[in-house]
$ cat protein00.cif   # mmCIF, N, CA and C atoms
data_start
loop_
_atom_site.label_atom_id
_atom_site.label_comp_id
_atom_site.auth_asym_id
_atom_site.auth_seq_id
_atom_site.Cartn_x
_atom_site.Cartn_y
_atom_site.Cartn_z
N MET O 1 26.23 -55.11 14.13
CA MET O 1 24.83 -54.81 14.03
C MET O 1 24.71 -53.30 13.79
N GLU O 2 23.89 -52.93 12.79
CA GLU O 2 23.57 -51.52 12.60
C GLU O 2 22.09 -51.33 12.89
N LEU O 3 21.77 -50.34 13.72
CA LEU O 3 20.40 -50.04 14.10
C LEU O 3 20.06 -48.63 13.65
N ALA O 4 18.96 -48.48 12.94
CA ALA O 4 18.51 -47.16 12.51
C ALA O 4 17.13 -46.90 13.08
N VAL O 5 16.94 -45.72 13.65
CA VAL O 5 15.63 -45.34 14.20
C VAL O 5 14.74 -44.95 13.02
N ASP O 6 13.66 -45.69 12.84
CA ASP O 6 12.81 -45.50 11.67
C ASP O 6 12.11 -44.14 11.63
N GLN O 7 11.67 -43.63 12.75
CA GLN O 7 10.84 -42.43 12.77
C GLN O 7 11.58 -41.16 13.21
N LEU O 8 12.88 -41.18 13.29
CA LEU O 8 13.58 -40.03 13.85
C LEU O 8 13.35 -38.75 13.04
N GLY O 9 13.33 -38.84 11.72
CA GLY O 9 13.09 -37.66 10.89
C GLY O 9 11.74 -37.03 11.18
N ALA O 10 10.72 -37.86 11.35
CA ALA O 10 9.38 -37.35 11.64
C ALA O 10 9.35 -36.68 13.01
N VAL O 11 10.00 -37.29 13.99
CA VAL O 11 10.05 -36.68 15.33
C VAL O 11 10.75 -35.33 15.26
N ARG O 12 11.88 -35.28 14.57
CA ARG O 12 12.65 -34.03 14.44
C ARG O 12 11.81 -32.96 13.74
N GLN O 13 11.12 -33.34 12.67
CA GLN O 13 10.34 -32.39 11.89
C GLN O 13 9.14 -31.85 12.66
N HIS O 14 8.42 -32.74 13.35
CA HIS O 14 7.19 -32.32 14.03
C HIS O 14 7.40 -31.76 15.42
N PHE O 15 8.45 -32.22 16.12
CA PHE O 15 8.61 -31.83 17.52
C PHE O 15 9.91 -31.09 17.80
N GLY O 16 10.79 -31.00 16.81
CA GLY O 16 12.02 -30.24 16.97
C GLY O 16 13.22 -31.08 17.37
N VAL O 17 14.36 -30.45 17.27
CA VAL O 17 15.63 -31.10 17.52
C VAL O 17 15.78 -31.53 18.98
N HIS O 18 15.30 -30.73 19.91
CA HIS O 18 15.46 -31.07 21.32
C HIS O 18 14.69 -32.34 21.68
N THR O 19 13.49 -32.47 21.14
CA THR O 19 12.73 -33.70 21.39
C THR O 19 13.40 -34.89 20.72
N ALA O 20 13.89 -34.69 19.50
CA ALA O 20 14.60 -35.79 18.81
C ALA O 20 15.83 -36.21 19.62
N ASP O 21 16.54 -35.25 20.18
CA ASP O 21 17.69 -35.59 21.03
C ASP O 21 17.26 -36.35 22.28
N ALA O 22 16.14 -35.96 22.86
CA ALA O 22 15.62 -36.67 24.04
C ALA O 22 15.23 -38.10 23.67
N VAL O 23 14.64 -38.27 22.49
CA VAL O 23 14.28 -39.61 22.01
C VAL O 23 15.55 -40.46 21.89
N LEU O 24 16.59 -39.90 21.29
CA LEU O 24 17.84 -40.65 21.12
C LEU O 24 18.48 -40.99 22.46
N ALA O 25 18.43 -40.06 23.40
CA ALA O 25 19.01 -40.33 24.73
C ALA O 25 18.26 -41.47 25.42
N GLU O 26 16.93 -41.43 25.36
CA GLU O 26 16.13 -42.49 25.97
C GLU O 26 16.38 -43.83 25.27
N LEU O 27 16.44 -43.78 23.96
CA LEU O 27 16.68 -44.99 23.19
C LEU O 27 18.05 -45.58 23.48
N SER O 28 19.07 -44.73 23.57
CA SER O 28 20.41 -45.26 23.87
C SER O 28 20.44 -45.96 25.21
N TRP O 29 19.72 -45.43 26.16
CA TRP O 29 19.67 -46.06 27.48
C TRP O 29 19.00 -47.43 27.38
N LYS O 30 17.87 -47.51 26.68
CA LYS O 30 17.18 -48.79 26.50
C LYS O 30 18.08 -49.80 25.79
N LEU O 31 18.77 -49.34 24.76
CA LEU O 31 19.66 -50.25 24.03
C LEU O 31 20.79 -50.75 24.93
N LYS O 32 21.40 -49.84 25.66
CA LYS O 32 22.52 -50.21 26.53
C LYS O 32 22.06 -51.24 27.57
N LEU O 33 20.87 -51.05 28.12
CA LEU O 33 20.35 -52.00 29.11
C LEU O 33 20.06 -53.37 28.49
N GLY O 34 19.85 -53.40 27.18
CA GLY O 34 19.56 -54.65 26.49
C GLY O 34 20.78 -55.42 26.04
N LEU O 35 21.96 -54.84 26.21
CA LEU O 35 23.20 -55.49 25.77
C LEU O 35 23.84 -56.27 26.91
N ARG O 36 24.79 -57.11 26.53
CA ARG O 36 25.51 -57.93 27.50
C ARG O 36 26.85 -57.29 27.83
N ALA O 37 27.45 -57.73 28.91
CA ALA O 37 28.79 -57.26 29.25
C ALA O 37 29.72 -57.60 28.09
N GLY O 38 30.51 -56.65 27.68
CA GLY O 38 31.45 -56.87 26.58
C GLY O 38 30.94 -56.38 25.24
N ASP O 39 29.62 -56.20 25.09
CA ASP O 39 29.08 -55.63 23.85
C ASP O 39 29.37 -54.13 23.85
N VAL O 40 29.54 -53.57 22.66
CA VAL O 40 29.89 -52.15 22.54
C VAL O 40 28.83 -51.43 21.71
N LEU O 41 28.25 -50.38 22.28
CA LEU O 41 27.23 -49.57 21.61
C LEU O 41 27.85 -48.23 21.24
N ALA O 42 27.62 -47.80 20.00
CA ALA O 42 28.10 -46.49 19.55
C ALA O 42 26.99 -45.78 18.80
N HIS O 43 26.79 -44.50 19.11
CA HIS O 43 25.86 -43.68 18.33
C HIS O 43 26.67 -43.01 17.24
N CYS O 44 26.27 -43.22 16.00
CA CYS O 44 27.05 -42.74 14.85
C CYS O 44 26.43 -41.51 14.21
N GLY O 45 25.41 -40.96 14.81
CA GLY O 45 24.77 -39.76 14.30
C GLY O 45 23.53 -40.08 13.48
N ASP O 46 22.64 -39.09 13.38
CA ASP O 46 21.42 -39.16 12.58
C ASP O 46 20.58 -40.40 12.85
N GLY O 47 20.50 -40.80 14.11
CA GLY O 47 19.64 -41.92 14.48
C GLY O 47 20.19 -43.28 14.14
N VAL O 48 21.49 -43.37 13.93
CA VAL O 48 22.13 -44.65 13.62
C VAL O 48 23.03 -45.05 14.77
N PHE O 49 22.86 -46.30 15.19
CA PHE O 49 23.70 -46.89 16.23
C PHE O 49 24.40 -48.11 15.64
N ARG O 50 25.56 -48.41 16.16
CA ARG O 50 26.24 -49.65 15.80
C ARG O 50 26.57 -50.38 17.09
N VAL O 51 26.46 -51.71 17.01
CA VAL O 51 26.76 -52.56 18.16
C VAL O 51 27.74 -53.62 17.72
N LEU O 52 28.85 -53.71 18.43
CA LEU O 52 29.82 -54.78 18.22
C LEU O 52 29.53 -55.86 19.24
N LEU O 53 29.46 -57.08 18.76
CA LEU O 53 29.15 -58.23 19.61
C LEU O 53 30.31 -59.22 19.52
N PRO O 54 31.41 -58.94 20.21
CA PRO O 54 32.60 -59.79 20.09
C PRO O 54 32.32 -61.24 20.43
N GLY O 55 32.78 -62.14 19.56
CA GLY O 55 32.66 -63.56 19.82
C GLY O 55 31.25 -64.12 19.73
N THR O 56 30.32 -63.37 19.13
CA THR O 56 28.92 -63.79 19.08
C THR O 56 28.60 -64.36 17.71
N ARG O 57 28.02 -65.54 17.67
CA ARG O 57 27.60 -66.18 16.42
C ARG O 57 26.25 -65.62 15.98
N ARG O 58 25.88 -65.88 14.75
CA ARG O 58 24.69 -65.29 14.16
C ARG O 58 23.42 -65.60 14.96
N ALA O 59 23.21 -66.83 15.37
CA ALA O 59 21.98 -67.18 16.09
C ALA O 59 21.83 -66.36 17.37
N ALA O 60 22.90 -66.20 18.10
CA ALA O 60 22.84 -65.40 19.33
C ALA O 60 22.63 -63.93 19.01
N ALA O 61 23.25 -63.44 17.93
CA ALA O 61 23.08 -62.05 17.53
C ALA O 61 21.65 -61.78 17.09
N LEU O 62 21.05 -62.73 16.37
CA LEU O 62 19.65 -62.58 15.96
C LEU O 62 18.72 -62.52 17.17
N ALA O 63 18.98 -63.39 18.14
CA ALA O 63 18.17 -63.39 19.36
C ALA O 63 18.30 -62.06 20.10
N LEU O 64 19.52 -61.55 20.19
CA LEU O 64 19.76 -60.28 20.86
C LEU O 64 19.06 -59.14 20.11
N ALA O 65 19.14 -59.15 18.78
CA ALA O 65 18.49 -58.11 17.99
C ALA O 65 16.97 -58.14 18.19
N GLN O 66 16.38 -59.33 18.23
CA GLN O 66 14.94 -59.45 18.50
C GLN O 66 14.60 -58.90 19.88
N ASP O 67 15.46 -59.18 20.86
CA ASP O 67 15.24 -58.65 22.20
C ASP O 67 15.29 -57.12 22.20
N LEU O 68 16.21 -56.55 21.42
CA LEU O 68 16.30 -55.08 21.34
C LEU O 68 15.04 -54.49 20.71
N LEU O 69 14.53 -55.14 19.65
CA LEU O 69 13.27 -54.67 19.06
C LEU O 69 12.15 -54.67 20.10
N ALA O 70 12.07 -55.75 20.87
CA ALA O 70 11.03 -55.86 21.90
C ALA O 70 11.23 -54.81 22.98
N LYS O 71 12.47 -54.57 23.37
CA LYS O 71 12.75 -53.57 24.41
C LYS O 71 12.32 -52.18 23.96
N VAL O 72 12.59 -51.84 22.71
CA VAL O 72 12.21 -50.53 22.19
C VAL O 72 10.69 -50.42 22.10
N ALA O 73 10.02 -51.51 21.78
CA ALA O 73 8.56 -51.49 21.66
C ALA O 73 7.85 -51.58 23.01
N SER O 74 8.58 -51.89 24.08
CA SER O 74 7.94 -52.02 25.39
C SER O 74 7.30 -50.69 25.80
N ASP O 75 6.34 -50.77 26.67
CA ASP O 75 5.57 -49.60 27.09
C ASP O 75 4.88 -48.95 25.89
N GLY O 76 4.49 -49.78 24.93
CA GLY O 76 3.81 -49.26 23.76
C GLY O 76 4.75 -48.67 22.72
N GLY O 77 6.04 -48.59 23.05
CA GLY O 77 7.00 -48.05 22.11
C GLY O 77 6.81 -46.57 21.83
N LEU O 78 6.19 -45.85 22.77
CA LEU O 78 5.93 -44.44 22.55
C LEU O 78 6.90 -43.57 23.32
N HIS O 79 7.38 -42.53 22.68
CA HIS O 79 8.15 -41.53 23.41
C HIS O 79 7.13 -40.62 24.09
N PRO O 80 7.23 -40.46 25.43
CA PRO O 80 6.18 -39.75 26.16
C PRO O 80 5.94 -38.32 25.70
N GLU O 81 6.98 -37.59 25.35
CA GLU O 81 6.81 -36.18 24.97
C GLU O 81 6.14 -36.05 23.61
N SER O 82 6.54 -36.88 22.65
CA SER O 82 6.03 -36.74 21.30
C SER O 82 4.85 -37.66 21.00
N GLY O 83 4.70 -38.75 21.75
CA GLY O 83 3.67 -39.73 21.45
C GLY O 83 4.00 -40.56 20.21
N GLN O 84 5.19 -40.39 19.69
CA GLN O 84 5.63 -41.10 18.48
C GLN O 84 6.05 -42.53 18.82
N ARG O 85 5.51 -43.50 18.07
CA ARG O 85 5.92 -44.89 18.23
C ARG O 85 7.31 -45.05 17.64
N LEU O 86 8.19 -45.67 18.38
CA LEU O 86 9.57 -45.86 17.93
C LEU O 86 9.80 -47.29 17.48
N THR O 87 10.45 -47.44 16.35
CA THR O 87 10.86 -48.76 15.88
C THR O 87 12.26 -48.65 15.31
N LEU O 88 12.87 -49.82 15.12
CA LEU O 88 14.23 -49.88 14.58
C LEU O 88 14.27 -50.74 13.33
N SER O 89 15.20 -50.41 12.46
CA SER O 89 15.58 -51.28 11.35
C SER O 89 16.98 -51.76 11.70
N ILE O 90 17.14 -53.07 11.83
CA ILE O 90 18.43 -53.62 12.29
C ILE O 90 19.02 -54.51 11.20
N GLY O 91 20.28 -54.26 10.90
CA GLY O 91 21.03 -55.09 9.96
C GLY O 91 22.13 -55.81 10.70
N LEU O 92 22.27 -57.11 10.42
CA LEU O 92 23.30 -57.93 11.07
C LEU O 92 24.30 -58.43 10.04
N ALA O 93 25.55 -58.45 10.43
CA ALA O 93 26.61 -59.05 9.61
C ALA O 93 27.57 -59.76 10.55
N GLU O 94 27.88 -60.99 10.20
CA GLU O 94 28.84 -61.77 10.98
C GLU O 94 30.16 -61.79 10.23
N ALA O 95 31.23 -61.44 10.93
CA ALA O 95 32.56 -61.43 10.31
C ALA O 95 32.98 -62.85 9.96
N ASP O 96 33.62 -62.96 8.80
CA ASP O 96 34.21 -64.25 8.45
C ASP O 96 35.58 -64.02 7.81
N ALA O 97 36.31 -65.07 7.59
CA ALA O 97 37.69 -64.97 7.11
C ALA O 97 37.81 -64.28 5.76
N GLY O 98 36.78 -64.33 4.93
CA GLY O 98 36.84 -63.74 3.60
C GLY O 98 36.49 -62.27 3.54
N ASP O 99 36.25 -61.63 4.67
CA ASP O 99 35.81 -60.25 4.68
C ASP O 99 36.88 -59.24 4.27
N GLY O 100 38.12 -59.51 4.55
CA GLY O 100 39.16 -58.55 4.23
C GLY O 100 39.18 -57.33 5.12
N GLY O 101 38.57 -57.42 6.27
CA GLY O 101 38.63 -56.31 7.23
C GLY O 101 37.26 -55.89 7.73
N PRO O 102 37.27 -55.04 8.75
CA PRO O 102 36.02 -54.64 9.39
C PRO O 102 35.11 -53.79 8.49
N GLN O 103 35.67 -53.07 7.53
CA GLN O 103 34.84 -52.23 6.66
C GLN O 103 33.87 -53.06 5.83
N ALA O 104 34.29 -54.26 5.42
CA ALA O 104 33.40 -55.13 4.64
C ALA O 104 32.21 -55.58 5.50
N VAL O 105 32.47 -55.91 6.75
CA VAL O 105 31.39 -56.32 7.66
C VAL O 105 30.45 -55.14 7.90
N LEU O 106 31.00 -53.97 8.09
CA LEU O 106 30.20 -52.76 8.31
C LEU O 106 29.31 -52.47 7.10
N ARG O 107 29.86 -52.57 5.90
CA ARG O 107 29.06 -52.32 4.69
C ARG O 107 27.90 -53.31 4.58
N ARG O 108 28.15 -54.56 4.93
CA ARG O 108 27.07 -55.55 4.89
C ARG O 108 25.98 -55.23 5.91
N ALA O 109 26.39 -54.86 7.11
CA ALA O 109 25.40 -54.51 8.14
C ALA O 109 24.60 -53.28 7.72
N GLN O 110 25.25 -52.30 7.12
CA GLN O 110 24.55 -51.10 6.65
C GLN O 110 23.54 -51.46 5.55
N ALA O 111 23.95 -52.30 4.61
CA ALA O 111 23.06 -52.70 3.52
C ALA O 111 21.86 -53.46 4.07
N GLN O 112 22.08 -54.30 5.07
CA GLN O 112 20.98 -55.08 5.64
C GLN O 112 20.03 -54.19 6.44
N ALA O 113 20.57 -53.18 7.13
CA ALA O 113 19.71 -52.23 7.84
C ALA O 113 18.85 -51.45 6.84
N GLN O 114 19.43 -51.10 5.70
CA GLN O 114 18.68 -50.41 4.66
C GLN O 114 17.57 -51.32 4.11
N CYS O 115 17.87 -52.60 3.92
CA CYS O 115 16.85 -53.56 3.47
C CYS O 115 15.71 -53.62 4.49
N ALA O 116 16.06 -53.64 5.78
CA ALA O 116 15.03 -53.68 6.83
C ALA O 116 14.16 -52.44 6.76
N ARG O 117 14.78 -51.30 6.55
CA ARG O 117 14.02 -50.04 6.48
C ARG O 117 13.11 -50.03 5.26
N LEU O 118 13.63 -50.46 4.11
CA LEU O 118 12.84 -50.47 2.88
C LEU O 118 11.68 -51.47 2.95
N ALA O 119 11.82 -52.48 3.79
CA ALA O 119 10.76 -53.47 3.97
C ALA O 119 9.72 -53.02 4.99
N GLY O 120 9.84 -51.80 5.46
CA GLY O 120 8.85 -51.26 6.38
C GLY O 120 9.36 -51.01 7.79
N GLY O 121 10.61 -51.34 8.05
CA GLY O 121 11.18 -51.11 9.37
C GLY O 121 10.66 -52.08 10.41
N ASP O 122 11.07 -51.84 11.65
CA ASP O 122 10.64 -52.66 12.78
C ASP O 122 10.95 -54.14 12.54
N ARG O 123 12.18 -54.39 12.07
CA ARG O 123 12.59 -55.77 11.78
C ARG O 123 14.10 -55.89 11.77
N VAL O 124 14.55 -57.13 11.76
CA VAL O 124 15.97 -57.48 11.70
C VAL O 124 16.21 -58.17 10.37
N VAL O 125 17.27 -57.78 9.67
CA VAL O 125 17.67 -58.47 8.44
C VAL O 125 19.11 -58.91 8.60
N ALA O 126 19.34 -60.20 8.37
CA ALA O 126 20.69 -60.77 8.42
C ALA O 126 20.81 -61.76 7.28
N ASP O 127 21.69 -61.47 6.36
CA ASP O 127 21.85 -62.31 5.17
C ASP O 127 20.48 -62.48 4.52
N ALA O 128 20.03 -63.70 4.31
CA ALA O 128 18.73 -63.93 3.67
C ALA O 128 17.63 -64.14 4.70
N VAL O 129 17.93 -63.93 5.98
CA VAL O 129 16.96 -64.18 7.05
C VAL O 129 16.32 -62.86 7.47
N THR O 130 15.00 -62.78 7.46
CA THR O 130 14.28 -61.58 7.91
C THR O 130 13.36 -61.98 9.06
N LEU O 131 13.48 -61.26 10.15
CA LEU O 131 12.62 -61.51 11.31
C LEU O 131 11.87 -60.24 11.64
N GLN O 132 10.59 -60.39 11.96
CA GLN O 132 9.78 -59.27 12.39
C GLN O 132 9.51 -59.43 13.87
N PRO O 133 9.04 -58.36 14.50
CA PRO O 133 8.76 -58.45 15.94
C PRO O 133 7.69 -59.49 16.24
N THR O 134 7.69 -59.93 17.47
CA THR O 134 6.68 -60.89 17.91
C THR O 134 5.33 -60.21 17.95
N ALA O 135 4.33 -60.85 17.41
CA ALA O 135 2.97 -60.31 17.41
C ALA O 135 2.46 -60.27 18.85
N PRO O 136 1.49 -59.37 19.14
CA PRO O 136 0.97 -59.27 20.51
C PRO O 136 0.48 -60.59 21.07
N SER O 137 0.05 -61.51 20.21
CA SER O 137 -0.47 -62.77 20.70
C SER O 137 0.66 -63.70 21.14
N GLY O 138 1.92 -63.28 20.91
CA GLY O 138 3.06 -64.13 21.28
C GLY O 138 3.56 -64.96 20.12
N ARG O 139 2.83 -64.93 18.98
CA ARG O 139 3.30 -65.63 17.79
C ARG O 139 4.24 -64.72 17.03
N ARG O 140 5.14 -65.31 16.26
CA ARG O 140 6.04 -64.55 15.42
C ARG O 140 5.24 -63.93 14.28
N ALA O 141 5.38 -62.62 14.06
CA ALA O 141 4.68 -61.99 12.97
C ALA O 141 5.26 -62.48 11.64
N THR O 142 4.45 -62.58 10.62
CA THR O 142 4.92 -63.08 9.33
C THR O 142 5.26 -61.93 8.42
N ALA O 143 6.13 -62.20 7.46
CA ALA O 143 6.52 -61.18 6.49
C ALA O 143 5.34 -60.87 5.58
N ALA O 144 5.24 -59.63 5.20
CA ALA O 144 4.16 -59.21 4.31
C ALA O 144 4.51 -59.50 2.87
#

$ encode --input "protein00.cif" --output "structure tokens"
Amino acid sequence: MELAVDQLGAVRQHFGVHTADAVLAELSWKLKLGLRAGDVLAHCGDGVFRVLLPGTRRAAALALAQDLLAKVASDGGLHPESGQRLTLSIGLAEADAGDGGPQAVLRRAQAQAQCARLAGGDRVVADAVTLQPTAPSGRRATAA
């Protein structure tokens, strides 16, 4: 899973590097609390995180990604110092025998995260499946 913070550039530009770093620290904590034992979270720089989900099939990974979107949006999804709403663009890739190594899976996850961002962010993209956050009414939001 590749997760990109959609608004990090705006936070950095308007509130400075220290606030952006505080946003990332808070976000990493929320993400870590949303993962299961055995999952691995890594911050790769510039507002990009990667999560390894060993032994996890796509359906479970999609559910976990949706939970992470909801966790980031909780409490209004605002960083208290900046007032900036935080969202993620998440790309998922499931390893299979034809991948030829971890780099192929990583490239797919990166491409899917980019697709999520280009579609407006605040969503999960995995293969041909796109999910948006749950609407406030509890219904699944529809694609625009």

$ atom_distance --input "protein00.cif" --atom1 "CA of Gly45 in chain O" --atom2 "CA of Leu24 in chain O"
9.8 Å

$ select_by_dssp --input "protein00.cif" --residues "chain O" --states "helix (DSSP H, G or I)" --output "number ranges by chain"
O: 8-15, 17-34, 58-77, 97-99, 102-118

$ closest_residue --input "protein00.cif" --among "O:Gly9, O:Gly38, O:Gly16, O:Gly100" --to "Leu53 in chain O" --atoms "all atoms listed in the file"
O:Gly38

$ residues_near_point --input "protein00.cif" --point "(18.1, -53.3, 24.4)" --cutoff "9 Å" --atoms "only C-alpha atoms" --output "NGL selection string"
:O and (27-35 or 64-65 or 67-72)

$ resolve_selection --input "protein00.cif" --expression "the PyMOL selection byres (((chain O and resi 92 and name CA) around 8) and name CA)" --output "PDB file with N, CA and C atoms, keeping the file's coordinate frame"
ATOM      1  N   MET O   1      26.230 -55.110  14.130  1.00  0.00           N
ATOM      2  CA  MET O   1      24.830 -54.810  14.030  1.00  0.00           C
ATOM      3  C   MET O   1      24.710 -53.300  13.790  1.00  0.00           C
ATOM      4  N   GLU O   2      23.890 -52.930  12.790  1.00  0.00           N
ATOM      5  CA  GLU O   2      23.570 -51.520  12.600  1.00  0.00           C
ATOM      6  C   GLU O   2      22.090 -51.330  12.890  1.00  0.00           C
ATOM      7  N   ALA O  61      23.250 -63.440  17.930  1.00  0.00           N
ATOM      8  CA  ALA O  61      23.080 -62.050  17.530  1.00  0.00           C
ATOM      9  C   ALA O  61      21.650 -61.780  17.090  1.00  0.00           C
ATOM     10  N   LEU O  62      21.050 -62.730  16.370  1.00  0.00           N
ATOM     11  CA  LEU O  62      19.650 -62.580  15.960  1.00  0.00           C
ATOM     12  C   LEU O  62      18.720 -62.520  17.170  1.00  0.00           C
ATOM     13  N   ILE O  90      17.140 -53.070  11.830  1.00  0.00           N
ATOM     14  CA  ILE O  90      18.430 -53.620  12.290  1.00  0.00           C
ATOM     15  C   ILE O  90      19.020 -54.510  11.200  1.00  0.00           C
ATOM     16  N   GLY O  91      20.280 -54.260  10.900  1.00  0.00           N
ATOM     17  CA  GLY O  91      21.030 -55.090   9.960  1.00  0.00           C
ATOM     18  C   GLY O  91      22.130 -55.810  10.700  1.00  0.00           C
ATOM     19  N   ALA O  93      25.550 -58.450  10.430  1.00  0.00           N
ATOM     20  CA  ALA O  93      26.610 -59.050   9.610  1.00  0.00           C
ATOM     21  C   ALA O  93      27.570 -59.760  10.550  1.00  0.00           C
ATOM     22  N   GLU O  94      27.880 -60.990  10.200  1.00  0.00           N
ATOM     23  CA  GLU O  94      28.840 -61.770  10.980  1.00  0.00           C
ATOM     24  C   GLU O  94      30.160 -61.790  10.230  1.00  0.00           C
ATOM     25  N   ARG O 108      28.150 -54.560   4.930  1.00  0.00           N
ATOM     26  CA  ARG O 108      27.070 -55.550   4.890  1.00  0.00           C
ATOM     27  C   ARG O 108      25.980 -55.230   5.910  1.00  0.00           C
ATOM     28  N   ALA O 109      26.390 -54.860   7.110  1.00  0.00           N
ATOM     29  CA  ALA O 109      25.400 -54.510   8.140  1.00  0.00           C
ATOM     30  C   ALA O 109      24.600 -53.280   7.720  1.00  0.00           C
ATOM     31  N   GLN O 112      22.080 -54.300   5.070  1.00  0.00           N
ATOM     32  CA  GLN O 112      20.980 -55.080   5.640  1.00  0.00           C
ATOM     33  C   GLN O 112      20.030 -54.190   6.440  1.00  0.00           C
ATOM     34  N   ALA O 113      20.570 -53.180   7.130  1.00  0.00           N
ATOM     35  CA  ALA O 113      19.710 -52.230   7.840  1.00  0.00           C
ATOM     36  C   ALA O 113      18.850 -51.450   6.840  1.00  0.00           C
ATOM     37  N   VAL O 124      14.550 -57.130  11.760  1.00  0.00           N
ATOM     38  CA  VAL O 124      15.970 -57.480  11.700  1.00  0.00           C
ATOM     39  C   VAL O 124      16.210 -58.170  10.370  1.00  0.00           C
ATOM     40  N   VAL O 125      17.270 -57.780   9.670  1.00  0.00           N
ATOM     41  CA  VAL O 125      17.670 -58.470   8.440  1.00  0.00           C
ATOM     42  C   VAL O 125      19.110 -58.910   8.600  1.00  0.00           C
ATOM     43  N   ALA O 126      19.340 -60.200   8.370  1.00  0.00           N
ATOM     44  CA  ALA O 126      20.690 -60.770   8.420  1.00  0.00           C
ATOM     45  C   ALA O 126      20.810 -61.760   7.280  1.00  0.00           C
ATOM     46  N   ASP O 127      21.690 -61.470   6.360  1.00  0.00           N
ATOM     47  CA  ASP O 127      21.850 -62.310   5.170  1.00  0.00           C
ATOM     48  C   ASP O 127      20.480 -62.480   4.520  1.00  0.00           C
TER      49      ASP O 127
END

$ atom_distance --input "protein00.cif" --atom1 "CA of Arg117 in chain O" --atom2 "atom C of Ala37 in chain O"
27.8 Å

$ atom_distance --input "protein00.cif" --atom1 "CA of Cys44 in chain O" --atom2 "CA of Leu106 in chain O"
12.4 Å

$ resolve_selection --input "protein00.cif" --expression "the PyMOL selection byres (((chain O and resi 118-121 and name CA) around 10) and name CA)" --output "PyMOL selection string"
chain O and resi 4-7+87-90+112-117+122-125+130+132+143-144

$ write_last_selection --input "protein00.cif" --atoms "N, CA and C atoms" --output "compact mmCIF listing (two decimals), in the coordinates of the input"
# COMPACT_ATOMS: atom_id res chain seq x y z
N ALA O 4 18.96 -48.48 12.94
CA ALA O 4 18.51 -47.16 12.51
C ALA O 4 17.13 -46.90 13.08
N VAL O 5 16.94 -45.72 13.65
CA VAL O 5 15.63 -45.34 14.20
C VAL O 5 14.74 -44.95 13.02
N ASP O 6 13.66 -45.69 12.84
CA ASP O 6 12.81 -45.50 11.67
C ASP O 6 12.11 -44.14 11.63
N GLN O 7 11.67 -43.63 12.75
CA GLN O 7 10.84 -42.43 12.77
C GLN O 7 11.58 -41.16 13.21
N THR O 87 10.45 -47.44 16.35
CA THR O 87 10.86 -48.76 15.88
C THR O 87 12.26 -48.65 15.31
N LEU O 88 12.87 -49.82 15.12
CA LEU O 88 14.23 -49.88 14.58
C LEU O 88 14.27 -50.74 13.33
N SER O 89 15.20 -50.41 12.46
CA SER O 89 15.58 -51.28 11.35
C SER O 89 16.98 -51.76 11.70
N ILE O 90 17.14 -53.07 11.83
CA ILE O 90 18.43 -53.62 12.29
C ILE O 90 19.02 -54.51 11.20
N GLN O 112 22.08 -54.30 5.07
CA GLN O 112 20.98 -55.08 5.64
C GLN O 112 20.03 -54.19 6.44
N ALA O 113 20.57 -53.18 7.13
CA ALA O 113 19.71 -52.23 7.84
C ALA O 113 18.85 -51.45 6.84
N GLN O 114 19.43 -51.10 5.70
CA GLN O 114 18.68 -50.41 4.66
C GLN O 114 17.57 -51.32 4.11
N CYS O 115 17.87 -52.60 3.92
CA CYS O 115 16.85 -53.56 3.47
C CYS O 115 15.71 -53.62 4.49
N ALA O 116 16.06 -53.64 5.78
CA ALA O 116 15.03 -53.68 6.83
C ALA O 116 14.16 -52.44 6.76
N ARG O 117 14.78 -51.30 6.55
CA ARG O 117 14.02 -50.04 6.48
C ARG O 117 13.11 -50.03 5.26
N ASP O 122 11.07 -51.84 11.65
CA ASP O 122 10.64 -52.66 12.78
C ASP O 122 10.95 -54.14 12.54
N ARG O 123 12.18 -54.39 12.07
CA ARG O 123 12.59 -55.77 11.78
C ARG O 123 14.10 -55.89 11.77
N VAL O 124 14.55 -57.13 11.76
CA VAL O 124 15.97 -57.48 11.70
C VAL O 124 16.21 -58.17 10.37
N VAL O 125 17.27 -57.78 9.67
CA VAL O 125 17.67 -58.47 8.44
C VAL O 125 19.11 -58.91 8.60
N THR O 130 15.00 -62.78 7.46
CA THR O 130 14.28 -61.58 7.91
C THR O 130 13.36 -61.98 9.06
N GLN O 132 10.59 -60.39 11.96
CA GLN O 132 9.78 -59.27 12.39
C GLN O 132 9.51 -59.43 13.87
N ALA O 143 6.13 -62.20 7.46
CA ALA O 143 6.52 -61.18 6.49
C ALA O 143 5.34 -60.87 5.58
N ALA O 144 5.24 -59.63 5.20
CA ALA O 144 4.16 -59.21 4.31
C ALA O 144 4.51 -59.50 2.87

$ resolve_selection --input "protein00.cif" --expression "the PyMOL selection byres (((chain O and resi 41 and name CA) around 7) and name CA)" --output "ChimeraX atom specification"
/O:32,39-40,42-43,49-52

$ select_by_dssp --input "protein00.cif" --residues "chain O" --states "strand (DSSP E)" --output "MDAnalysis selection string"
chainID O and resid 2:5 40:45 48:52 88:92 123:126 129:131

$ closest_residue --input "protein00.cif" --among "O:Arg36, O:Ala25, O:Asp46, O:Ala73" --to "Arg12 in chain O" --atoms "only C-alpha atoms"
O:Asp46

$ residues_around --input "protein00.cif" --residues "Ala95 in chain O" --least-positions-apart "2" --cutoff "10 Å" --atoms "only C-alpha atoms" --output "count of residues only"
17
